[in-house]
Structure formats: C-alpha cells, structure tokens
>>> print(open('target_15.pdb').read())   # PDB, C-alpha atoms
ATOM      1  CA  MET H   1       6.299  -3.420   0.744
ATOM      2  CA  ASP H   2       8.644  -6.123   2.100
ATOM      3  CA  GLU H   3       5.952  -7.259   4.532
ATOM      4  CA  VAL H   4       3.455  -7.497   1.674
ATOM      5  CA  LEU H   5       5.855  -9.647  -0.356
ATOM      6  CA  LYS H   6       6.394 -11.926   2.656
ATOM      7  CA  ILE H   7       2.651 -12.460   3.066
ATOM      8  CA  ILE H   8       2.289 -13.222  -0.649
ATOM      9  CA  ASN H   9       5.283 -15.571  -0.687
ATOM     10  CA  ASP H  10       4.008 -17.416   2.408
ATOM     11  CA  ILE H  11       0.649 -17.988   0.703
ATOM     12  CA  LYS H  12       2.376 -19.215  -2.455
ATOM     13  CA  ALA H  13       4.391 -21.634  -0.312
ATOM     14  CA  GLY H  14       1.196 -23.000   1.251
ATOM     15  CA  ASN H  15       1.685 -21.278   4.612
ATOM     16  CA  ILE H  16      -1.879 -19.975   4.761
ATOM     17  CA  LYS H  17      -3.304 -18.448   7.923
ATOM     18  CA  PRO H  18      -6.970 -18.714   8.969
ATOM     19  CA  ILE H  19      -7.398 -14.916   9.294
ATOM     20  CA  TYR H  20      -5.895 -11.963   7.421
ATOM     21  CA  PHE H  21      -6.793  -8.715   9.164
ATOM     22  CA  LEU H  22      -5.645  -5.934   6.832
ATOM     23  CA  MET H  23      -5.952  -2.450   8.301
ATOM     24  CA  GLY H  24      -4.542   1.051   7.969
ATOM     25  CA  ASP H  25      -4.620   4.431   6.275
ATOM     26  CA  GLU H  26      -3.150   3.315   2.918
ATOM     27  CA  PRO H  27      -5.800   1.319   1.001
ATOM     28  CA  TYR H  28      -3.477   0.337  -1.866
ATOM     29  CA  TYR H  29      -1.770  -2.621  -0.169
ATOM     30  CA  ILE H  30      -4.973  -3.726   1.540
ATOM     31  CA  ASP H  31      -6.651  -3.935  -1.871
ATOM     32  CA  LYS H  32      -3.661  -5.697  -3.428
ATOM     33  CA  LEU H  33      -3.465  -8.362  -0.711
ATOM     34  CA  THR H  34      -7.225  -8.883  -0.765
ATOM     35  CA  GLU H  35      -7.130  -9.259  -4.536
ATOM     36  CA  PHE H  36      -4.228 -11.725  -4.353
ATOM     37  CA  ILE H  37      -6.021 -13.926  -1.818
ATOM     38  CA  GLU H  38      -9.246 -13.756  -3.826
ATOM     39  CA  ASN H  39      -7.459 -14.904  -6.974
ATOM     40  CA  ASN H  40      -4.966 -17.442  -5.629
ATOM     41  CA  ILE H  41      -6.183 -19.453  -2.618
ATOM     42  CA  LEU H  42      -8.845 -21.475  -4.442
ATOM     43  CA  SER H  43      -9.011 -22.893  -7.930
ATOM     44  CA  GLU H  44     -11.685 -21.611 -10.291
ATOM     45  CA  ASP H  45     -13.691 -24.801  -9.783
ATOM     46  CA  GLU H  46     -13.586 -24.436  -6.000
ATOM     47  CA  LYS H  47     -14.605 -20.770  -5.912
ATOM     48  CA  GLY H  48     -18.242 -21.334  -6.875
ATOM     49  CA  PHE H  49     -19.184 -23.005  -3.587
ATOM     50  CA  ASN H  50     -16.325 -21.954  -1.339
ATOM     51  CA  GLN H  51     -15.551 -18.275  -1.914
ATOM     52  CA  MET H  52     -17.731 -15.494  -0.584
ATOM     53  CA  VAL H  53     -17.270 -11.722  -0.885
ATOM     54  CA  ILE H  54     -19.405  -9.574   1.411
ATOM     55  CA  TYR H  55     -19.367  -5.898   2.375
ATOM     56  CA  GLY H  56     -19.180  -4.446   5.847
ATOM     57  CA  ARG H  57     -22.167  -2.153   5.365
ATOM     58  CA  ASP H  58     -24.379  -5.109   4.354
ATOM     59  CA  THR H  59     -23.527  -7.561   7.104
ATOM     60  CA  THR H  60     -22.880  -8.026  10.821
ATOM     61  CA  VAL H  61     -19.999  -9.545  12.742
ATOM     62  CA  GLU H  62     -22.349 -12.355  13.791
ATOM     63  CA  ASP H  63     -23.093 -13.180  10.134
ATOM     64  CA  ILE H  64     -19.390 -13.123   9.287
ATOM     65  CA  VAL H  65     -18.634 -15.580  12.093
ATOM     66  CA  SER H  66     -21.512 -17.814  10.998
ATOM     67  CA  ASN H  67     -20.179 -17.913   7.431
ATOM     68  CA  ALA H  68     -16.608 -18.464   8.615
ATOM     69  CA  LYS H  69     -17.655 -21.487  10.690
ATOM     70  CA  ARG H  70     -19.126 -23.287   7.685
ATOM     71  CA  TYR H  71     -17.222 -26.229   6.272
ATOM     72  CA  PRO H  72     -15.942 -26.130   2.692
ATOM     73  CA  MET H  73     -17.682 -28.162  -0.004
ATOM     74  CA  MET H  74     -15.460 -30.547  -1.980
ATOM     75  CA  ALA H  75     -12.404 -28.419  -1.206
ATOM     76  CA  GLU H  76      -9.665 -28.188   1.395
ATOM     77  CA  ARG H  77     -10.765 -24.749   2.546
ATOM     78  CA  GLN H  78     -13.188 -21.892   1.937
ATOM     79  CA  VAL H  79     -12.441 -18.159   1.632
ATOM     80  CA  VAL H  80     -14.611 -15.442   3.186
ATOM     81  CA  ILE H  81     -13.660 -11.895   2.165
ATOM     82  CA  VAL H  82     -15.146  -8.895   3.959
ATOM     83  CA  ARG H  83     -14.562  -5.716   1.986
ATOM     84  CA  GLU H  84     -15.021  -2.297   3.634
ATOM     85  CA  ALA H  85     -14.833  -4.042   6.997
ATOM     86  CA  GLN H  86     -14.239  -0.670   8.669
ATOM     87  CA  GLU H  87     -18.005  -0.175   8.438
ATOM     88  CA  LEU H  88     -18.169  -2.648  11.340
ATOM     89  CA  SER H  89     -15.768  -0.693  13.564
ATOM     90  CA  LYS H  90     -18.368  -0.132  16.315
ATOM     91  CA  THR H  91     -18.986  -3.878  16.741
ATOM     92  CA  ILE H  92     -15.663  -5.336  15.581
ATOM     93  CA  ASP H  93     -14.815  -6.514  19.119
ATOM     94  CA  LYS H  94     -17.509  -9.180  18.698
ATOM     95  CA  LEU H  95     -15.061 -10.971  16.410
ATOM     96  CA  GLU H  96     -12.794 -11.666  19.388
ATOM     97  CA  SER H  97     -14.159 -15.106  20.283
ATOM     98  CA  TYR H  98     -13.719 -16.293  16.689
ATOM     99  CA  VAL H  99     -10.165 -14.960  16.502
ATOM    100  CA  GLU H 100      -9.425 -16.879  19.694
ATOM    101  CA  ASN H 101     -10.497 -20.129  18.035
ATOM    102  CA  PRO H 102     -10.667 -19.675  14.223
ATOM    103  CA  GLN H 103     -11.991 -22.341  11.884
ATOM    104  CA  PRO H 104      -8.869 -24.019  10.415
ATOM    105  CA  THR H 105     -10.554 -24.736   7.071
ATOM    106  CA  THR H 106     -11.600 -21.106   6.522
ATOM    107  CA  VAL H 107      -9.528 -18.186   5.292
ATOM    108  CA  LEU H 108     -11.197 -15.044   6.608
ATOM    109  CA  VAL H 109     -10.023 -11.742   5.097
ATOM    110  CA  MET H 110     -10.995  -8.495   6.803
ATOM    111  CA  ALA H 111     -10.229  -5.445   4.611
ATOM    112  CA  TYR H 112     -10.379  -2.799   7.348
ATOM    113  CA  LYS H 113      -9.390   0.354   5.451
ATOM    114  CA  TYR H 114      -8.622   3.839   6.803
ATOM    115  CA  LYS H 115      -8.750   2.613  10.401
ATOM    116  CA  THR H 116      -6.609   0.617  12.827
ATOM    117  CA  LEU H 117      -7.422  -1.511  15.831
ATOM    118  CA  ASP H 118      -6.508  -0.431  19.324
ATOM    119  CA  LYS H 119      -3.228  -2.254  19.943
ATOM    120  CA  ARG H 120      -3.990  -2.462  23.669
ATOM    121  CA  LYS H 121      -7.075  -4.605  23.197
ATOM    122  CA  LYS H 122      -7.241  -8.355  23.603
ATOM    123  CA  MET H 123      -8.408  -8.946  20.019
ATOM    124  CA  THR H 124      -5.337  -7.236  18.589
ATOM    125  CA  LYS H 125      -3.093  -9.465  20.666
ATOM    126  CA  LEU H 126      -5.076 -12.535  19.575
ATOM    127  CA  LEU H 127      -4.746 -11.529  15.920
ATOM    128  CA  GLU H 128      -0.991 -11.160  16.335
ATOM    129  CA  LYS H 129      -0.932 -14.698  17.753
ATOM    130  CA  ASN H 130      -3.451 -16.554  15.555
ATOM    131  CA  ALA H 131      -3.600 -14.573  12.326
ATOM    132  CA  VAL H 132      -1.827 -12.191   9.989
ATOM    133  CA  LEU H 133      -2.330  -8.659  11.276
ATOM    134  CA  PHE H 134      -1.091  -6.229   8.644
ATOM    135  CA  GLU H 135      -1.050  -2.457   9.006
ATOM    136  CA  SER H 136      -0.828  -0.506   5.756
ATOM    137  CA  LYS H 137       0.640   2.877   6.675
ATOM    138  CA  LYS H 138       0.397   5.986   4.537
ATOM    139  CA  MET H 139       3.655   6.593   2.712
ATOM    140  CA  TYR H 140       5.499   9.858   3.279
ATOM    141  CA  ASP H 141       5.917  12.074   0.214
ATOM    142  CA  ASN H 142       9.701  11.678   0.300
ATOM    143  CA  GLN H 143       9.326   7.871   0.097
ATOM    144  CA  VAL H 144       7.050   7.805  -2.931
ATOM    145  CA  GLY H 145       9.779   8.394  -5.535
ATOM    146  CA  THR H 146      11.735   5.360  -4.311
ATOM    147  CA  TRP H 147       8.516   3.311  -4.317
ATOM    148  CA  ILE H 148       7.811   4.302  -7.939
ATOM    149  CA  THR H 149      11.323   3.252  -8.957
ATOM    150  CA  ARG H 150      10.947  -0.142  -7.253
ATOM    151  CA  VAL H 151       7.528  -0.811  -8.787
ATOM    152  CA  LEU H 152       8.797   0.065 -12.265
ATOM    153  CA  GLN H 153      11.878  -2.117 -11.845
ATOM    154  CA  GLY H 154       9.564  -5.017 -11.062
ATOM    155  CA  ARG H 155       7.816  -4.349 -14.365
ATOM    156  CA  GLY H 156      10.983  -4.069 -16.410
ATOM    157  CA  LEU H 157      10.965  -0.283 -16.678
ATOM    158  CA  THR H 158      13.127   2.557 -15.365
ATOM    159  CA  ILE H 159      12.383   6.250 -14.955
ATOM    160  CA  GLU H 160      14.317   9.487 -15.205
ATOM    161  CA  PRO H 161      14.486  11.574 -11.999
ATOM    162  CA  LYS H 162      12.539  14.447 -13.542
ATOM    163  CA  ALA H 163       9.735  12.141 -14.716
ATOM    164  CA  ASN H 164       9.665  10.519 -11.274
ATOM    165  CA  ALA H 165       9.430  13.955  -9.636
ATOM    166  CA  MET H 166       6.562  14.918 -11.945
ATOM    167  CA  LEU H 167       4.535  11.879 -10.854
ATOM    168  CA  VAL H 168       5.149  12.616  -7.178
ATOM    169  CA  GLU H 169       4.491  16.330  -7.643
ATOM    170  CA  PHE H 170       1.113  15.849  -9.304
ATOM    171  CA  LEU H 171      -0.150  12.645  -7.723
ATOM    172  CA  GLY H 172       1.270  13.013  -4.212
ATOM    173  CA  ASN H 173       1.275   9.850  -2.107
ATOM    174  CA  ASP H 174      -1.894   8.328  -3.580
ATOM    175  CA  LEU H 175      -0.398   4.918  -4.421
ATOM    176  CA  SER H 176      -3.544   3.619  -6.115
ATOM    177  CA  ARG H 177      -3.652   6.567  -8.506
ATOM    178  CA  ILE H 178       0.077   6.336  -9.212
ATOM    179  CA  SER H 179      -0.260   2.600  -9.848
ATOM    180  CA  ASN H 180      -3.074   3.222 -12.335
ATOM    181  CA  GLU H 181      -0.886   5.677 -14.259
ATOM    182  CA  ILE H 182       2.012   3.211 -14.232
ATOM    183  CA  ASP H 183      -0.354   0.553 -15.608
ATOM    184  CA  LYS H 184      -1.112   2.875 -18.555
ATOM    185  CA  LEU H 185       2.579   3.388 -19.254
ATOM    186  CA  GLN H 186       3.302  -0.340 -19.003
ATOM    187  CA  ILE H 187       0.699  -1.083 -21.681
ATOM    188  CA  ILE H 188       2.167   1.512 -24.049
ATOM    189  CA  LEU H 189       5.908   1.171 -23.449
ATOM    190  CA  PRO H 190       8.030  -1.920 -24.174
ATOM    191  CA  LYS H 191      10.106  -3.518 -21.424
ATOM    192  CA  GLY H 192      13.470  -1.891 -20.933
ATOM    193  CA  THR H 193      12.123   1.610 -21.622
ATOM    194  CA  THR H 194      13.323   4.497 -19.496
ATOM    195  CA  ILE H 195      10.305   6.687 -18.783
ATOM    196  CA  THR H 196      10.982  10.350 -19.522
ATOM    197  CA  ALA H 197       9.156  13.602 -18.853
ATOM    198  CA  LYS H 198       7.945  13.444 -22.467
ATOM    199  CA  HIS H 199       6.328  10.052 -21.808
ATOM    200  CA  ILE H 200       4.541  11.542 -18.797
ATOM    201  CA  GLU H 201       3.352  14.511 -20.847
ATOM    202  CA  ASP H 202       2.171  12.435 -23.816
ATOM    203  CA  ASN H 203       0.488   9.606 -21.923
ATOM    204  CA  ILE H 204      -0.644  10.983 -18.583
ATOM    205  CA  GLY H 205      -1.384  14.597 -19.450
ATOM    206  CA  PHE H 206       1.067  16.615 -17.398
ATOM    207  CA  SER H 207       2.902  19.275 -19.388
ATOM    208  CA  LYS H 208       6.658  18.809 -19.057
ATOM    209  CA  ASP H 209       7.212  22.539 -19.610
ATOM    210  CA  PHE H 210       4.215  24.084 -17.869
ATOM    211  CA  ASN H 211       3.805  22.567 -14.427
ATOM    212  CA  VAL H 212       4.430  23.525 -10.816
ATOM    213  CA  PHE H 213       7.756  21.686 -10.860
ATOM    214  CA  GLU H 214       8.995  23.932 -13.692
ATOM    215  CA  LEU H 215       7.482  26.987 -11.991
ATOM    216  CA  GLN H 216       9.519  26.215  -8.883
ATOM    217  CA  ASN H 217      12.683  25.970 -10.979
ATOM    218  CA  ALA H 218      11.917  29.274 -12.703
ATOM    219  CA  LEU H 219      11.280  30.963  -9.367
ATOM    220  CA  GLY H 220      14.431  29.499  -7.843
ATOM    221  CA  ALA H 221      16.521  30.666 -10.803
ATOM    222  CA  LYS H 222      14.751  34.053 -10.866
ATOM    223  CA  ASN H 223      13.807  33.393 -14.487
ATOM    224  CA  GLN H 224      10.972  35.893 -14.640
ATOM    225  CA  VAL H 225      10.116  35.364 -18.307
ATOM    226  CA  LYS H 226       9.600  31.629 -17.875
ATOM    227  CA  ALA H 227       7.747  32.048 -14.567
ATOM    228  CA  TYR H 228       5.256  34.475 -16.134
ATOM    229  CA  GLN H 229       4.797  32.166 -19.142
ATOM    230  CA  ILE H 230       3.926  29.267 -16.837
ATOM    231  CA  ALA H 231       1.638  31.484 -14.757
ATOM    232  CA  GLN H 232      -0.214  32.533 -17.900
ATOM    233  CA  TYR H 233      -0.587  28.873 -18.908
ATOM    234  CA  PHE H 234      -2.003  28.099 -15.450
ATOM    235  CA  ALA H 235      -4.433  31.018 -15.711
ATOM    236  CA  ASP H 236      -5.594  29.783 -19.132
ATOM    237  CA  ASN H 237      -6.030  26.204 -17.853
ATOM    238  CA  PRO H 238      -7.419  26.601 -14.319
ATOM    239  CA  LYS H 239      -9.083  23.163 -14.161
ATOM    240  CA  ASP H 240      -5.777  21.396 -14.724
ATOM    241  CA  ASN H 241      -3.873  23.813 -12.484
ATOM    242  CA  PRO H 242      -5.974  24.728  -9.433
ATOM    243  CA  MET H 243      -4.682  27.834  -7.699
ATOM    244  CA  VAL H 244      -4.883  26.194  -4.279
ATOM    245  CA  VAL H 245      -2.579  23.388  -5.440
ATOM    246  CA  THR H 246      -0.125  25.793  -7.083
ATOM    247  CA  THR H 247       0.196  27.986  -4.005
ATOM    248  CA  SER H 248       0.564  25.043  -1.630
ATOM    249  CA  LEU H 249       3.372  23.487  -3.692
ATOM    250  CA  VAL H 250       5.219  26.791  -4.195
ATOM    251  CA  PHE H 251       4.777  27.439  -0.471
ATOM    252  CA  ALA H 252       6.315  24.018   0.311
ATOM    253  CA  PHE H 253       9.286  24.853  -1.960
ATOM    254  CA  PHE H 254      10.091  28.081  -0.116
ATOM    255  CA  VAL H 255       9.548  26.496   3.302
ATOM    256  CA  LYS H 256      12.173  23.900   2.364
ATOM    257  CA  LEU H 257      14.433  26.693   1.145
ATOM    258  CA  LEU H 258      14.008  28.464   4.485
ATOM    259  CA  LYS H 259      14.906  25.241   6.255
ATOM    260  CA  TYR H 260      17.962  24.891   4.000
ATOM    261  CA  HIS H 261      19.144  28.347   5.050
ATOM    262  CA  GLY H 262      18.911  27.279   8.674
ATOM    263  CA  LEU H 263      20.902  24.051   8.301
ATOM    264  CA  LYS H 264      24.369  24.127   9.822
ATOM    265  CA  ASP H 265      25.445  20.922   8.075
ATOM    266  CA  LYS H 266      25.172  21.579   4.342
ATOM    267  CA  ASN H 267      26.611  18.240   3.247
ATOM    268  CA  PRO H 268      24.550  17.362   0.132
ATOM    269  CA  LYS H 269      23.445  13.957   1.429
ATOM    270  CA  ASN H 270      22.336  15.396   4.770
ATOM    271  CA  VAL H 271      20.599  18.356   3.113
ATOM    272  CA  ALA H 272      18.613  16.081   0.801
ATOM    273  CA  ALA H 273      17.513  13.999   3.790
ATOM    274  CA  ALA H 274      16.609  17.064   5.865
ATOM    275  CA  LEU H 275      14.552  18.590   3.037
ATOM    276  CA  SER H 276      13.002  15.249   2.023
ATOM    277  CA  ILE H 277      14.057  15.658  -1.602
ATOM    278  CA  SER H 278      16.003  13.582  -4.101
ATOM    279  CA  PRO H 279      19.722  14.516  -4.213
ATOM    280  CA  PHE H 280      19.179  14.918  -7.972
ATOM    281  CA  PHE H 281      17.209  18.137  -7.323
ATOM    282  CA  LEU H 282      19.542  19.618  -4.751
ATOM    283  CA  LYS H 283      21.221  21.746  -7.419
ATOM    284  CA  ASP H 284      17.926  23.588  -7.976
ATOM    285  CA  TYR H 285      17.759  24.423  -4.273
ATOM    286  CA  ASP H 286      21.405  25.525  -4.333
ATOM    287  CA  VAL H 287      20.554  28.009  -7.091
ATOM    288  CA  ALA H 288      17.572  29.330  -5.139
ATOM    289  CA  LEU H 289      19.642  29.537  -1.960
ATOM    290  CA  ARG H 290      22.049  31.920  -3.693
ATOM    291  CA  ASN H 291      19.236  33.969  -5.206
ATOM    292  CA  TYR H 292      17.108  34.422  -2.087
ATOM    293  CA  PRO H 293      18.618  35.482   1.254
ATOM    294  CA  MET H 294      17.015  34.034   4.375
ATOM    295  CA  LYS H 295      15.192  37.274   5.213
ATOM    296  CA  LYS H 296      13.664  37.396   1.708
ATOM    297  CA  VAL H 297      12.571  33.763   1.923
ATOM    298  CA  SER H 298      10.829  34.481   5.236
ATOM    299  CA  SER H 299       8.983  37.356   3.584
ATOM    300  CA  ILE H 300       7.976  35.150   0.629
ATOM    301  CA  VAL H 301       6.624  32.453   2.955
ATOM    302  CA  ALA H 302       4.446  35.054   4.686
ATOM    303  CA  THR H 303       3.231  36.337   1.306
ATOM    304  CA  LEU H 304       2.367  32.845   0.119
ATOM    305  CA  ARG H 305       0.320  32.217   3.260
ATOM    306  CA  ASP H 306      -1.757  35.274   2.390
ATOM    307  CA  ILE H 307      -2.179  34.225  -1.260
ATOM    308  CA  ASP H 308      -3.078  30.693  -0.174
ATOM    309  CA  ASN H 309      -5.911  32.144   1.916
ATOM    310  CA  LYS H 310      -7.085  34.162  -1.078
ATOM    311  CA  SER H 311      -7.026  31.033  -3.275
ATOM    312  CA  LYS H 312      -9.408  29.470  -0.748
ATOM    313  CA  GLY H 313     -11.739  32.465  -0.924
ATOM    314  CA  ILE H 314     -10.631  34.133   2.302
ATOM    315  CA  GLY H 315     -10.458  37.877   1.729
ATOM    316  CA  ALA H 316      -9.935  37.397  -1.983
ATOM    317  CA  ASN H 317     -12.526  39.943  -3.131
ATOM    318  CA  ALA H 318     -13.285  37.726  -6.152
ATOM    319  CA  MET H 319      -9.718  37.903  -7.487
ATOM    320  CA  SER H 320      -9.143  35.840 -10.625
ATOM    321  CA  ASN H 321      -6.495  33.116 -10.754
ATOM    322  CA  HIS H 322      -4.546  35.289 -13.169
ATOM    323  CA  ASP H 323      -4.489  38.200 -10.715
ATOM    324  CA  MET H 324      -3.488  35.989  -7.799
ATOM    325  CA  LEU H 325      -0.693  34.375  -9.822
ATOM    326  CA  LYS H 326       0.533  37.785 -10.931
ATOM    327  CA  GLU H 327       0.479  39.064  -7.351
ATOM    328  CA  MET H 328       2.408  35.986  -6.194
ATOM    329  CA  LEU H 329       5.153  36.446  -8.794
ATOM    330  CA  VAL H 330       5.461  40.189  -8.262
ATOM    331  CA  LYS H 331       5.915  39.748  -4.524
ATOM    332  CA  ILE H 332       8.404  36.905  -4.949
ATOM    333  CA  PHE H 333      10.573  38.695  -7.517
ATOM    334  CA  ASN H 334      10.467  42.189  -5.958
TER
END
>>> encode(input="target_15.pdb", output="structure tokens")
Amino acid sequence: MDEVLKIINDIKAGNIKPIYFLMGDEPYYIDKLTEFIENNILSEDEKGFNQMVIYGRDTTVEDIVSNAKRYPMMAERQVVIVREAQELSKTIDKLESYVENPQPTTVLVMAYKYKTLDKRKKMTKLLEKNAVLFESKKMYDNQVGTWITRVLQGRGLTIEPKANAMLVEFLGNDLSRISNEIDKLQIILPKGTTITAKHIEDNIGFSKDFNVFELQNALGAKNQVKAYQIAQYFADNPKDNPMVVTTSLVFAFFVKLLKYHGLKDKNPKNVAAALSISPFFLKDYDVALRNYPMKKVSSIVATLRDIDNKSKGIGANAMSNHDMLKEMLVKIFN
C-alpha cells in the first residue's frame, strides 16, 4: 500500500514515468493505479485525442508499440492503457526494444494481472531502470484486518474488532470485494462512525449471531445449544452458508488450536502472531484450549477432514447439509 501511495504522489507531483508495468496476483491495486492514471494524467479536453484504452486480447505488442510511438496532439503527452495485458504473456518479450528506448511523450500503462514477469530476463531489468515496475502481491489473510482498518481510517471511519473479523471471515483476502462492501458502508454511514457487527448484518447481509465466526466461538466454549442453533440456521439457509465453506473455516480454527497446544512460548503477543489472529480474539482460543486437550483436537481435525470430503461429494452417500452439520457437532462435542 505504501508503494502504491508513492506512485500516486509522484504522479501528482509531476514525476511521471513513460511506462507503468503493473503486474501480480492481486488485481485490486493494479486496477486502482490504472484508474488513477486514466483519470489524472490528462485533462478532460486532452483525453479525446490523446488517451487510448485497449485490451490485451484485442491487440498485439506490435500495435501497442506503434500506438505508443505516436506523438500527442495539442498536449504535452498521450496515455496508452492496455487492460488485461496478461493476454499477451506469450509475446510480451517483444516489448523489450520499446522499454529500452520509450517515447518520452507517452505514458504507457500495462495492466498485467494474475501474472508476473521473469525477474531474470532483460526486459524486467530494463523496466526497473526506465519505468515503474510494480508487483501487486496477494495479501495474507492475517494482514487483511489491518488493511481494512487503514482503508476505513482514510475514509473517516473506524471498525470494531468483531465487525472487522466478520468481513475477513466471509470475504477472505479478496480486496476488491471488501472495498466494494466498504463503499456501501461509506455511503450509508456518516464520517466518524464506528462500524459494528450490527452495521455489517444490516447493510452487507451477514448475520451477526448466525455465522461461522459465532459457530467457532460456540464450539470453543462447548456451548452446545448455541452451536446446534447456528447449525440449524445454516441447514435452513444453505446458499448463504455453503457446507464446504463452513467445514473449511471450522477446520482452520481447530488446526490453529492444535498449533496453540504445541507452542512452548504462550506469551499472548507471540501466540497471536504464530496463529495469525488478532490479539483481540486470543481469549476465545484460550477458552477452547482449556476445553479441548491436544489429543481431542487432533481427533477433531481428522474428523473434519472426513466431513470436508463429504461436503465435496466424496463418499457422502447423498448426505444433506443438516446431517453433515449434525455429524460434525456430535463428533466434536463427544
């Protein structure tokens, strides 16, 4: 995120490079940088003749170079944006000669999503020398909560830990999807609002009481009544609560609990780091640690592997979600 801000601030300051090669597994920042360049390099009057957006599947590297070598019309520079540039991955090396000597009055943007260039190749080294080469890496799940907090702070909002955990739990590390949900909240909520679990439930559609996060807490606390209530809710609403997602998240919870049992250093800060969780939720793991000995946790992990296979149709014998959920809870609690 800091690298993205530096690129944006450099452009605002007039330090504009002739090529922006944006690559990597995380499309969110590639799209954001492409959008910023598209909206901010040229004035509206200049864009008509001097800004071109083309798609990798509809063009060739030769055509891109030909367009990039044109001179701007009644403007200081032109902008050529190639979206879905990864479609040109088999011939992308043909861009090398242009990268070696780019047109100074052209800003060429290559949005090369889901792929990266070979860092050993000459073109990569030329891009590092003559252009902005940005790699957008996929964010780890344990980094997403901090990212959400930072994004919200930039928009004048804060968020409670539980609400933050709900977003991460249900949206994973899909930054584009999370950003879209944050956009919805920003429209509805005034600046200075602290986003709560109730806001998430009312505006995004996740139940604050009946979700995998609450199921994990009920399992950890051995609250059988609540766990069976949530399981029944899941069985009644299978589209919103796919069995394969439920089992994978419960499985991840008990794997972390097993890891917790094996840690020699149980200093809270170190435990949170080792388990990749927020320190705010460590108390829930402490409760589960007392309720489930290491041998029992190992048995549960093995059981969940079996149920996960059944949720994917492997040896399930057409079991319903309700039956699989019931089997999961029975084997965890017994």
>>> resolve_selection(input="target_15.pdb", expression="the PyMOL selection byres ((chain H and resi 287) around 12)", output="short mmCIF file (atom, residue, chain, number, x, y, z; two decimals) with C-alpha atoms, keeping the file's coordinate frame")
data_model
loop_
_atom_site.label_atom_id
_atom_site.label_comp_id
_atom_site.auth_asym_id
_atom_site.auth_seq_id
_atom_site.Cartn_x
_atom_site.Cartn_y
_atom_site.Cartn_z
CA GLN H 216 9.52 26.22 -8.88
CA ASN H 217 12.68 25.97 -10.98
CA ALA H 218 11.92 29.27 -12.70
CA LEU H 219 11.28 30.96 -9.37
CA GLY H 220 14.43 29.50 -7.84
CA ALA H 221 16.52 30.67 -10.80
CA LYS H 222 14.75 34.05 -10.87
CA ASN H 223 13.81 33.39 -14.49
CA LEU H 257 14.43 26.69 1.14
CA TYR H 260 17.96 24.89 4.00
CA PHE H 281 17.21 18.14 -7.32
CA LEU H 282 19.54 19.62 -4.75
CA LYS H 283 21.22 21.75 -7.42
CA ASP H 284 17.93 23.59 -7.98
CA TYR H 285 17.76 24.42 -4.27
CA ASP H 286 21.40 25.52 -4.33
CA ALA H 288 17.57 29.33 -5.14
CA LEU H 289 19.64 29.54 -1.96
CA ARG H 290 22.05 31.92 -3.69
CA ASN H 291 19.24 33.97 -5.21
CA TYR H 292 17.11 34.42 -2.09
CA PRO H 293 18.62 35.48 1.25
#
>>> atom_distance(input="target_15.pdb", atom1="atom CA of H:Lys326", atom2="atom CA of H:Val297")
18.1 Å
>>> residues_around(input="target_15.pdb", residues="H:Thr91", least_positions_apart="6", cutoff="12 Å", atoms="all atoms listed in the file", output="PyMOL selection string")
chain H and resi 56-57+59-62+64+85+117
>>> atom_distance(input="target_15.pdb", atom1="atom CA of H:Asn309", atom2="atom CA of H:Asp323")
14.1 Å
>>> residues_around(input="target_15.pdb", residues="H:Lys12", least_positions_apart="2", cutoff="12 Å", atoms="all atoms listed in the file", output="list in words")
Leu5, Lys6, Ile7, Ile8, Asn9, Asp10, Gly14, Asn15, Ile16, Lys17, Phe36, Ile37, Asn39, Asn40, Ile41 and Leu42 of chain H
>>> closest_residue(input="target_15.pdb", among="H:Tyr29, H:Glu100, H:Ala273, H:Asn50", to="H:Glu128", atoms="all atoms listed in the file")
H:Glu100
>>> residues_around(input="target_15.pdb", residues="H:Ile30", least_positions_apart="3", cutoff="9 Å", atoms="only C-alpha atoms", output="MDAnalysis selection string")
chainID H and resid 22:24 26:27 33:35 111:113 134:136
>>> atom_distance(input="target_15.pdb", atom1="atom CA of H:Asn237", atom2="atom CA of H:Asn142")
28.1 Å
>>> decode(input="target_15.pdb", residues="stretch 26-30 of chain H", atoms="all heavy atoms", output="short mmCIF file (atom, residue, chain, number, x, y, z; two decimals), in the first residue's frame")
data_model
loop_
_atom_site.label_atom_id
_atom_site.label_comp_id
_atom_site.auth_asym_id
_atom_site.auth_seq_id
_atom_site.Cartn_x
_atom_site.Cartn_y
_atom_site.Cartn_z
N GLU H 26 -2.63 -9.89 -7.13
CA GLU H 26 -3.71 -9.11 -6.53
C GLU H 26 -4.16 -8.02 -7.50
O GLU H 26 -3.45 -7.03 -7.69
CB GLU H 26 -3.24 -8.49 -5.21
CG GLU H 26 -4.27 -7.59 -4.54
CD GLU H 26 -5.64 -8.24 -4.42
OE1 GLU H 26 -5.76 -9.21 -3.63
OE2 GLU H 26 -6.57 -7.80 -5.12
N PRO H 27 -5.33 -8.18 -8.13
CA PRO H 27 -5.76 -7.21 -9.15
C PRO H 27 -6.20 -5.86 -8.58
O PRO H 27 -6.25 -4.87 -9.31
CB PRO H 27 -6.94 -7.91 -9.82
CG PRO H 27 -7.47 -8.85 -8.78
CD PRO H 27 -6.28 -9.30 -7.99
N TYR H 28 -6.51 -5.81 -7.29
CA TYR H 28 -7.10 -4.60 -6.71
C TYR H 28 -6.21 -3.37 -6.95
O TYR H 28 -6.68 -2.35 -7.47
CB TYR H 28 -7.33 -4.80 -5.20
CG TYR H 28 -7.83 -3.57 -4.49
CD1 TYR H 28 -9.17 -3.19 -4.57
CD2 TYR H 28 -6.97 -2.77 -3.74
CE1 TYR H 28 -9.63 -2.06 -3.93
CE2 TYR H 28 -7.43 -1.63 -3.08
CZ TYR H 28 -8.76 -1.28 -3.18
OH TYR H 28 -9.21 -0.16 -2.54
N TYR H 29 -4.93 -3.45 -6.58
CA TYR H 29 -4.06 -2.29 -6.70
C TYR H 29 -3.71 -1.99 -8.15
O TYR H 29 -3.48 -0.84 -8.52
CB TYR H 29 -2.80 -2.48 -5.87
CG TYR H 29 -3.03 -2.30 -4.39
CD1 TYR H 29 -2.79 -3.32 -3.48
CD2 TYR H 29 -3.51 -1.09 -3.89
CE1 TYR H 29 -3.02 -3.15 -2.13
CE2 TYR H 29 -3.74 -0.90 -2.54
CZ TYR H 29 -3.50 -1.94 -1.66
OH TYR H 29 -3.73 -1.76 -0.32
N ILE H 30 -3.65 -3.03 -8.98
CA ILE H 30 -3.42 -2.81 -10.40
C ILE H 30 -4.56 -1.98 -10.99
O ILE H 30 -4.35 -1.02 -11.73
CB ILE H 30 -3.28 -4.16 -11.14
CG1 ILE H 30 -2.02 -4.88 -10.66
CG2 ILE H 30 -3.25 -3.95 -12.66
CD1 ILE H 30 -1.87 -6.29 -11.21
#
